[in-house]
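Structure file work18.txt (compact mmCIF, C-alpha atoms) is printed below.
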# COMPACT_ATOMS: atom_id res chain seq x y z
CA MET A 1 14.40 -8.39 -2.37
CA THR A 2 13.69 -11.53 -4.37
CA ILE A 3 11.84 -12.07 -7.62
CA GLU A 4 9.46 -14.39 -5.74
CA ASN A 5 8.20 -11.45 -3.64
CA LEU A 6 7.33 -9.14 -6.54
CA GLU A 7 3.82 -10.31 -7.38
CA GLU A 8 2.40 -6.91 -6.43
CA TYR A 9 4.38 -5.34 -9.29
CA GLN A 10 3.30 -7.58 -12.16
CA ASP A 11 1.25 -4.79 -13.76
CA PRO A 12 3.54 -1.71 -14.01
CA ILE A 13 0.84 0.41 -15.68
CA GLN A 14 -1.59 -0.34 -12.84
CA TYR A 15 1.21 0.44 -10.39
CA ASP A 16 1.71 3.86 -11.96
CA LYS A 17 -1.98 4.65 -11.77
CA GLU A 18 -1.86 4.07 -8.03
CA HIS A 19 1.54 5.54 -7.16
CA VAL A 20 2.98 7.89 -9.77
CA ALA A 21 1.17 10.96 -8.36
CA TYR A 22 3.03 10.66 -5.04
CA ASP A 23 5.77 13.30 -4.99
CA GLU A 24 6.18 14.27 -1.32
CA ASP A 25 9.78 13.02 -1.27
CA ILE A 26 10.96 14.67 -4.50
CA SER A 27 11.92 18.06 -3.01
CA TYR A 28 13.98 16.43 -0.29
CA LEU A 29 15.66 14.07 -2.73
CA THR A 30 16.43 17.04 -4.98
CA LYS A 31 18.05 18.87 -2.07
CA TRP A 32 20.61 16.10 -1.64
CA ALA A 33 20.93 15.32 -5.34
CA ASP A 34 21.95 18.94 -5.94
CA LYS A 35 24.85 18.47 -3.52
CA ALA A 36 26.16 15.44 -5.43
CA THR A 37 29.18 15.85 -7.68
CA GLY A 38 28.81 12.66 -9.70
CA PRO A 39 26.12 10.18 -10.70
CA ILE A 40 23.43 9.44 -8.13
CA VAL A 41 21.71 6.08 -7.76
CA ASP A 42 18.01 5.31 -7.26
CA LEU A 43 17.77 1.77 -5.85
CA ALA A 44 14.54 -0.21 -6.30
CA CYS A 45 13.54 2.55 -8.70
CA GLY A 46 10.35 0.89 -9.91
CA THR A 47 8.91 2.67 -12.93
CA GLY A 48 11.08 5.73 -12.34
CA ARG A 49 8.70 7.70 -10.12
CA ALA A 50 11.63 9.51 -8.46
CA THR A 51 14.32 8.82 -11.07
CA ILE A 52 12.64 10.74 -13.87
CA PRO A 53 11.94 14.05 -12.06
CA LEU A 54 15.48 14.10 -10.70
CA ALA A 55 16.85 13.53 -14.21
CA LYS A 56 14.58 16.29 -15.54
CA ALA A 57 16.13 18.59 -12.93
CA GLY A 58 19.52 18.01 -14.56
CA ASN A 59 20.97 15.28 -12.35
CA SER A 60 23.07 12.41 -13.71
CA ILE A 61 21.22 9.40 -12.33
CA VAL A 62 21.09 5.62 -12.58
CA GLY A 63 17.96 3.61 -11.71
CA VAL A 64 18.29 0.02 -10.46
CA ASN A 65 15.54 -2.56 -10.13
CA LEU A 66 15.13 -6.33 -10.12
CA HIS A 67 11.79 -6.39 -11.93
CA ARG A 68 12.17 -6.40 -15.70
CA GLY A 69 8.63 -5.22 -16.41
CA MET A 70 8.96 -2.23 -14.09
CA LEU A 71 12.23 -1.25 -15.76
CA ARG A 72 10.68 -1.57 -19.21
CA ARG A 73 7.97 0.85 -18.15
CA ALA A 74 10.57 3.23 -16.67
CA ARG A 75 12.55 3.25 -19.91
CA GLU A 76 9.41 3.95 -21.94
CA LYS A 77 8.60 6.92 -19.73
CA ALA A 78 12.16 8.24 -19.92
CA VAL A 79 12.13 8.03 -23.73
CA ALA A 80 8.81 9.91 -23.81
CA GLU A 81 10.46 12.66 -21.76
CA LYS A 82 13.58 12.58 -24.01
CA LEU A 83 15.76 11.72 -21.02
CA ASP A 84 18.95 9.67 -21.14
CA ILE A 85 18.75 7.57 -17.97
CA GLY A 86 20.63 4.37 -17.32
CA PHE A 87 18.11 1.83 -16.01
CA ILE A 88 19.85 -1.33 -14.84
CA GLU A 89 18.34 -4.71 -13.97
CA GLN A 90 20.24 -5.91 -10.90
CA ASP A 91 19.66 -7.38 -7.46
CA CYS A 92 20.36 -4.59 -4.94
CA THR A 93 22.17 -7.08 -2.68
CA LYS A 94 24.65 -7.86 -5.49
CA LEU A 95 25.26 -4.49 -7.13
CA GLU A 96 27.93 -4.25 -9.82
CA LEU A 97 27.31 -0.80 -11.28
CA GLY A 98 30.89 0.11 -12.19
CA LEU A 99 30.67 3.46 -10.42
CA LYS A 100 31.09 5.25 -7.11
CA SER A 101 28.46 7.71 -5.96
CA ASP A 102 28.17 10.27 -3.20
CA PHE A 103 24.37 9.94 -3.04
CA ILE A 104 22.37 6.71 -3.16
CA PHE A 105 18.72 6.56 -2.18
CA MET A 106 15.95 3.99 -1.81
CA VAL A 107 12.43 5.32 -1.30
CA GLY A 108 8.89 3.95 -1.46
CA ASN A 109 9.56 1.83 1.66
CA SER A 110 11.57 -0.57 -0.49
CA PHE A 111 13.83 -1.40 2.46
CA GLN A 112 10.97 -3.58 3.73
CA HIS A 113 11.45 -5.98 0.81
CA PHE A 114 14.65 -7.28 2.38
CA LEU A 115 13.08 -9.85 4.65
CA THR A 116 16.02 -11.48 6.45
CA ASN A 117 19.03 -10.28 8.41
CA GLU A 118 21.24 -11.74 5.68
CA ALA A 119 19.42 -9.81 2.95
CA GLN A 120 19.66 -6.56 4.91
CA ASP A 121 23.38 -7.14 5.52
CA LYS A 122 24.06 -7.83 1.85
CA LEU A 123 22.07 -4.77 0.78
CA LEU A 124 24.04 -2.43 3.03
CA GLU A 125 27.35 -4.05 2.08
CA SER A 126 26.44 -3.57 -1.57
CA ILE A 127 25.60 0.10 -1.02
CA GLN A 128 28.83 0.64 0.91
CA ARG A 129 30.86 -0.65 -2.04
CA HIS A 130 29.27 1.95 -4.31
CA LEU A 131 29.53 4.98 -2.04
CA VAL A 132 32.54 7.26 -1.82
CA LYS A 133 33.86 8.08 1.65
CA GLY A 134 31.48 10.62 3.13
CA GLY A 135 28.76 9.65 0.64
CA ARG A 136 25.17 9.53 1.80
CA PHE A 137 22.50 6.86 1.74
CA LEU A 138 18.90 8.03 2.18
CA PHE A 139 15.97 5.65 2.61
CA ASN A 140 12.59 5.28 4.23
CA THR A 141 10.62 2.44 5.76
CA ARG A 142 7.32 2.12 7.60
CA PHE A 143 7.39 2.73 11.34
CA PRO A 144 6.51 -0.43 13.30
CA SER A 145 3.53 1.14 15.02
CA GLU A 146 0.91 -0.74 16.99
CA GLU A 147 -1.52 -0.23 14.10
CA GLU A 148 0.88 -1.83 11.62
CA LEU A 149 1.88 -4.86 13.65
CA VAL A 150 -1.50 -6.51 13.79
CA SER A 151 -3.28 -9.19 11.84
CA THR A 152 -6.60 -8.15 10.35
CA LYS A 153 -9.57 -10.27 11.32
CA GLY A 154 -10.82 -9.95 7.77
CA GLU A 155 -10.67 -7.71 4.75
CA GLU A 156 -9.87 -4.06 5.49
CA PRO A 157 -10.76 -1.22 3.07
CA GLY A 158 -7.94 0.71 1.46
CA PHE A 159 -8.68 3.30 -1.22
CA SER A 160 -10.62 3.78 -4.44
CA TYR A 161 -9.91 5.51 -7.75
CA LYS A 162 -11.16 5.78 -11.32
CA ASP A 163 -9.49 3.79 -14.09
CA GLY A 164 -11.12 4.93 -17.31
CA LYS A 165 -14.77 3.89 -17.12
CA LEU A 166 -14.11 1.57 -14.20
CA SER A 167 -14.01 2.27 -10.49
CA VAL A 168 -11.26 0.38 -8.64
CA HIS A 169 -11.68 -0.50 -4.97
CA VAL A 170 -8.54 -1.67 -3.16
CA SER A 171 -8.62 -3.60 0.11
CA TYR A 172 -6.18 -5.63 2.20
CA ILE A 173 -5.84 -8.72 4.34
CA SER A 174 -2.76 -8.68 6.60
CA GLU A 175 -1.14 -11.22 8.88
CA TYR A 176 1.80 -10.23 11.06
CA ASP A 177 4.49 -12.79 11.90
CA ALA A 178 6.06 -11.44 15.11
CA LEU A 179 8.84 -14.04 15.15
CA ASN A 180 10.18 -12.89 11.77
CA GLN A 181 8.95 -9.27 12.05
CA ALA A 182 7.25 -9.75 8.70
CA GLN A 183 3.80 -8.82 7.49
CA HIS A 184 2.10 -11.05 4.94
CA ASN A 185 -0.24 -8.91 2.83
CA ILE A 186 -2.92 -9.79 0.31
CA THR A 187 -4.03 -6.87 -1.84
CA ILE A 188 -7.45 -7.20 -3.45
CA ARG A 189 -8.50 -5.01 -6.38
CA ARG A 190 -12.10 -5.06 -7.54
CA PHE A 191 -13.13 -3.36 -10.76
CA PHE A 192 -16.70 -2.06 -11.05
CA ASP A 193 -18.51 -0.55 -14.03
CA ALA A 194 -20.62 2.63 -13.94
CA ASN A 195 -23.62 0.60 -12.75
CA GLY A 196 -21.67 -0.85 -9.81
CA LYS A 197 -21.42 -4.30 -11.35
CA LEU A 198 -18.25 -6.22 -10.58
CA GLN A 199 -16.20 -6.74 -13.77
CA ASP A 200 -12.97 -8.22 -12.44
CA GLU A 201 -11.09 -9.05 -9.26
CA LYS A 202 -7.31 -9.38 -8.87
CA ARG A 203 -5.29 -10.49 -5.85
CA SER A 204 -1.59 -10.17 -5.18
CA VAL A 205 0.64 -11.15 -2.28
CA ILE A 206 3.62 -9.37 -0.78
CA ASP A 207 5.68 -9.84 2.40
CA LEU A 208 7.22 -6.83 4.17
CA ARG A 209 9.79 -6.73 6.98
CA PHE A 210 9.54 -4.25 9.85
CA VAL A 211 12.60 -2.91 11.68
CA PHE A 212 12.50 -1.13 15.04
CA PRO A 213 14.41 2.15 15.49
CA LEU A 214 17.04 0.84 17.93
CA GLU A 215 17.52 -2.24 15.75
CA MET A 216 18.01 0.00 12.69
CA GLU A 217 20.53 2.14 14.55
CA ARG A 218 22.66 -0.88 15.39
CA LEU A 219 22.31 -2.30 11.86
CA LEU A 220 23.48 0.89 10.16
CA GLU A 221 26.38 1.43 12.56
CA LYS A 222 27.46 -2.18 12.03
CA HIS A 223 27.79 -1.46 8.31
CA GLY A 224 29.88 1.67 8.65
CA PHE A 225 27.20 4.36 8.55
CA THR A 226 26.69 7.26 10.89
CA ILE A 227 23.09 8.43 11.15
CA GLU A 228 22.80 12.15 10.43
CA GLY A 229 19.05 12.33 10.83
CA VAL A 230 15.96 10.23 11.53
CA TYR A 231 12.65 11.81 10.52
CA GLN A 232 8.99 10.90 10.32
CA ASP A 233 8.28 12.97 7.21
CA TRP A 234 10.07 14.69 4.33
CA ASN A 235 10.01 18.02 6.21
CA GLU A 236 12.60 16.63 8.67
CA THR A 237 10.15 16.37 11.57
CA PRO A 238 12.00 14.37 14.27
CA LEU A 239 10.80 10.80 14.73
CA THR A 240 8.14 10.24 17.37
CA SER A 241 6.19 7.23 18.58
CA ASN A 242 3.21 8.50 16.57
CA ALA A 243 5.08 8.22 13.27
CA SER A 244 3.94 6.14 10.31
CA ASN A 245 7.23 6.51 8.45
CA MET A 246 10.96 6.45 9.27
CA ILE A 247 13.37 8.36 7.05
CA TYR A 248 17.10 7.79 7.56
CA LEU A 249 19.87 10.05 6.30
CA CYS A 250 23.15 8.16 6.68
CA LYS A 251 26.78 8.99 5.91
CA LYS A 252 29.49 6.51 5.02
CA ILE A 253 32.22 6.79 7.63
CA ASN A 254 35.17 5.22 5.78

Would you mind giving the structure from this file in structure tokens?
Amino acid sequence: MTIENLEEYQDPIQYDKEHVAYDEDISYLTKWADKATGPIVDLACGTGRATIPLAKAGNSIVGVNLHRGMLRRAREKAVAEKLDIGFIEQDCTKLELGLKSDFIFMVGNSFQHFLTNEAQDKLLESIQRHLVKGGRFLFNTRFPSEEELVSTKGEEPGFSYKDGKLSVHVSYISEYDALNQAQHNITIRRFFDANGKLQDEKRSVIDLRFVFPLEMERLLEKHGFTIEGVYQDWNETPLTSNASNMIYLCKKIN
């Protein structure tokens, strides 16, 4: 993950309006957090979507993110909830947290932000340094389905929602680079008033890396992890070719 690829996150409040309601992973994260005996770590924590509910459940947790604005928003939310959470601004490929954990997780498909083999290697090396022997790393990433690995011929509709008196319509333009297994995405947000008149339009760019299951298996084993489970949803449904998501539960071997 690099600061140059974080344009999509320049408005943390807007980000929360679009993402904070998602909680499908919280129960599963809580299951493993409850097994932890020391501090747990939320990597690429964003505005604390998962960090805060886990802290509210009584877990000692640290949130790590590279984006200063997202962390500022996370701290504000934690203060409002009267929670003492350590939010740390660090590059996940160069972690220096001063702790060892038996549970580190990275959700929200953040693994896709690590665009090169070198970045993926450094991320997993960094996580290894902060896990105790037998500690677990849990993460998810989008499944490289046929529907994902295409370039749109034009603008494709996404979703809509209300933002105060405005209606926000989100759409996408995507271009897939098969050589680098990376998708170049333009997100377009149009803001309309109650009369349907366009008030504003914002565009942001983000690149995302896709990893195939057999490639991921070799990558994780290379970095000293054994894979305990691969699922397509947070109910531990085994991965199939119809999946849209890949969830990996890994254990540090040594």

For CA of Asn180 in chain A and CA of Phe114 in chain A, quote the distance in Å rounded to one decimal. 11.8 Å

Interatomic distance between CA of Glu147 in chain A and CA of Ala182 in chain A? 14.0 Å

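The closest residue to Arg209 in chain A, picked from A:Ala194, A:Asn5, A:Ser167, A:Arg136 and counting only C-alpha atoms, is A:Asn5.
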
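Rounded to one decimal, CA of His184 in chain A and CA of Thr237 in chain A lie 29.3 Å from each other.
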
Per residue of range 123-171 of chain A within 7 Å of range 248-252 of chain A, which atom pair is closest and at what distance in Å (one decimal), using all atoms listed in the file, listed by chain and increasing number, as JSON lines?
{"residue": "A:Lys133", "atom": "CA", "partner": "A:Lys252", "partner_atom": "CA", "distance": 5.7}
{"residue": "A:Gly134", "atom": "CA", "partner": "A:Lys252", "partner_atom": "CA", "distance": 4.9}
{"residue": "A:Gly135", "atom": "CA", "partner": "A:Lys252", "partner_atom": "CA", "distance": 5.4}
{"residue": "A:Arg136", "atom": "CA", "partner": "A:Lys251", "partner_atom": "CA", "distance": 4.4}
{"residue": "A:Phe137", "atom": "CA", "partner": "A:Cys250", "partner_atom": "CA", "distance": 5.1}
{"residue": "A:Leu138", "atom": "CA", "partner": "A:Leu249", "partner_atom": "CA", "distance": 4.7}
{"residue": "A:Phe139", "atom": "CA", "partner": "A:Tyr248", "partner_atom": "CA", "distance": 5.5}
{"residue": "A:Asn140", "atom": "CA", "partner": "A:Tyr248", "partner_atom": "CA", "distance": 6.1}

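Residues of protein, DNA and RNA with at least one atom no farther than 6 Å from (19.0, -4.1, -9.8) are, using only C-alpha atoms, Val64, Asn65, Leu66, Ile88, Glu89, Gln90, Asp91 and Cys92 of chain A.
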
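Among the candidates A:Pro53, A:Glu217, A:Glu118, A:Thr37, the one nearest to Ala21 in chain A when counting all atoms listed in the file is A:Pro53.
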
So that I can check the surroundings of Ser241 in chain A, please list as a PDB file with C-alpha atoms, in the frame of the given file every protein, DNA and RNA residue that reaches within 10 Å of it, counting all atoms listed in the file and ignoring chain neighbours fewer than 3 positions away.
ATOM      1  CA  PHE A 143       7.390   2.730  11.340  1.00  0.00           C
ATOM      2  CA  PRO A 144       6.510  -0.430  13.300  1.00  0.00           C
ATOM      3  CA  SER A 145       3.530   1.140  15.020  1.00  0.00           C
ATOM      4  CA  GLU A 146       0.910  -0.740  16.990  1.00  0.00           C
ATOM      5  CA  GLN A 232       8.990  10.900  10.320  1.00  0.00           C
ATOM      6  CA  SER A 244       3.940   6.140  10.310  1.00  0.00           C
TER       7      SER A 244
END

Quick one: residues within 6 Å of range 149-154 of chain A, all atoms listed in the file, excluding same-chain residues fewer than 3 positions away - as a ChimeraX atom specification? /A:146,174-176

Write the residues of the preceding selection, restricted to C-alpha atoms, as a compact mmCIF listing (two decimals), keeping the file's coordinate frame.
# COMPACT_ATOMS: atom_id res chain seq x y z
CA GLU A 146 0.91 -0.74 16.99
CA SER A 174 -2.76 -8.68 6.60
CA GLU A 175 -1.14 -11.22 8.88
CA TYR A 176 1.80 -10.23 11.06

Find the smallest box with edges along x, y and z containing every listed atom of range 100-105 of chain A, then add 5 Å on each side and report centre and edge lengths in Å to one decimal, as lines of an AutoDock Vina configuration file.
center_x = 24.9
center_y = 7.8
center_z = -4.6
size_x = 22.4
size_y = 15.0
size_z = 14.9
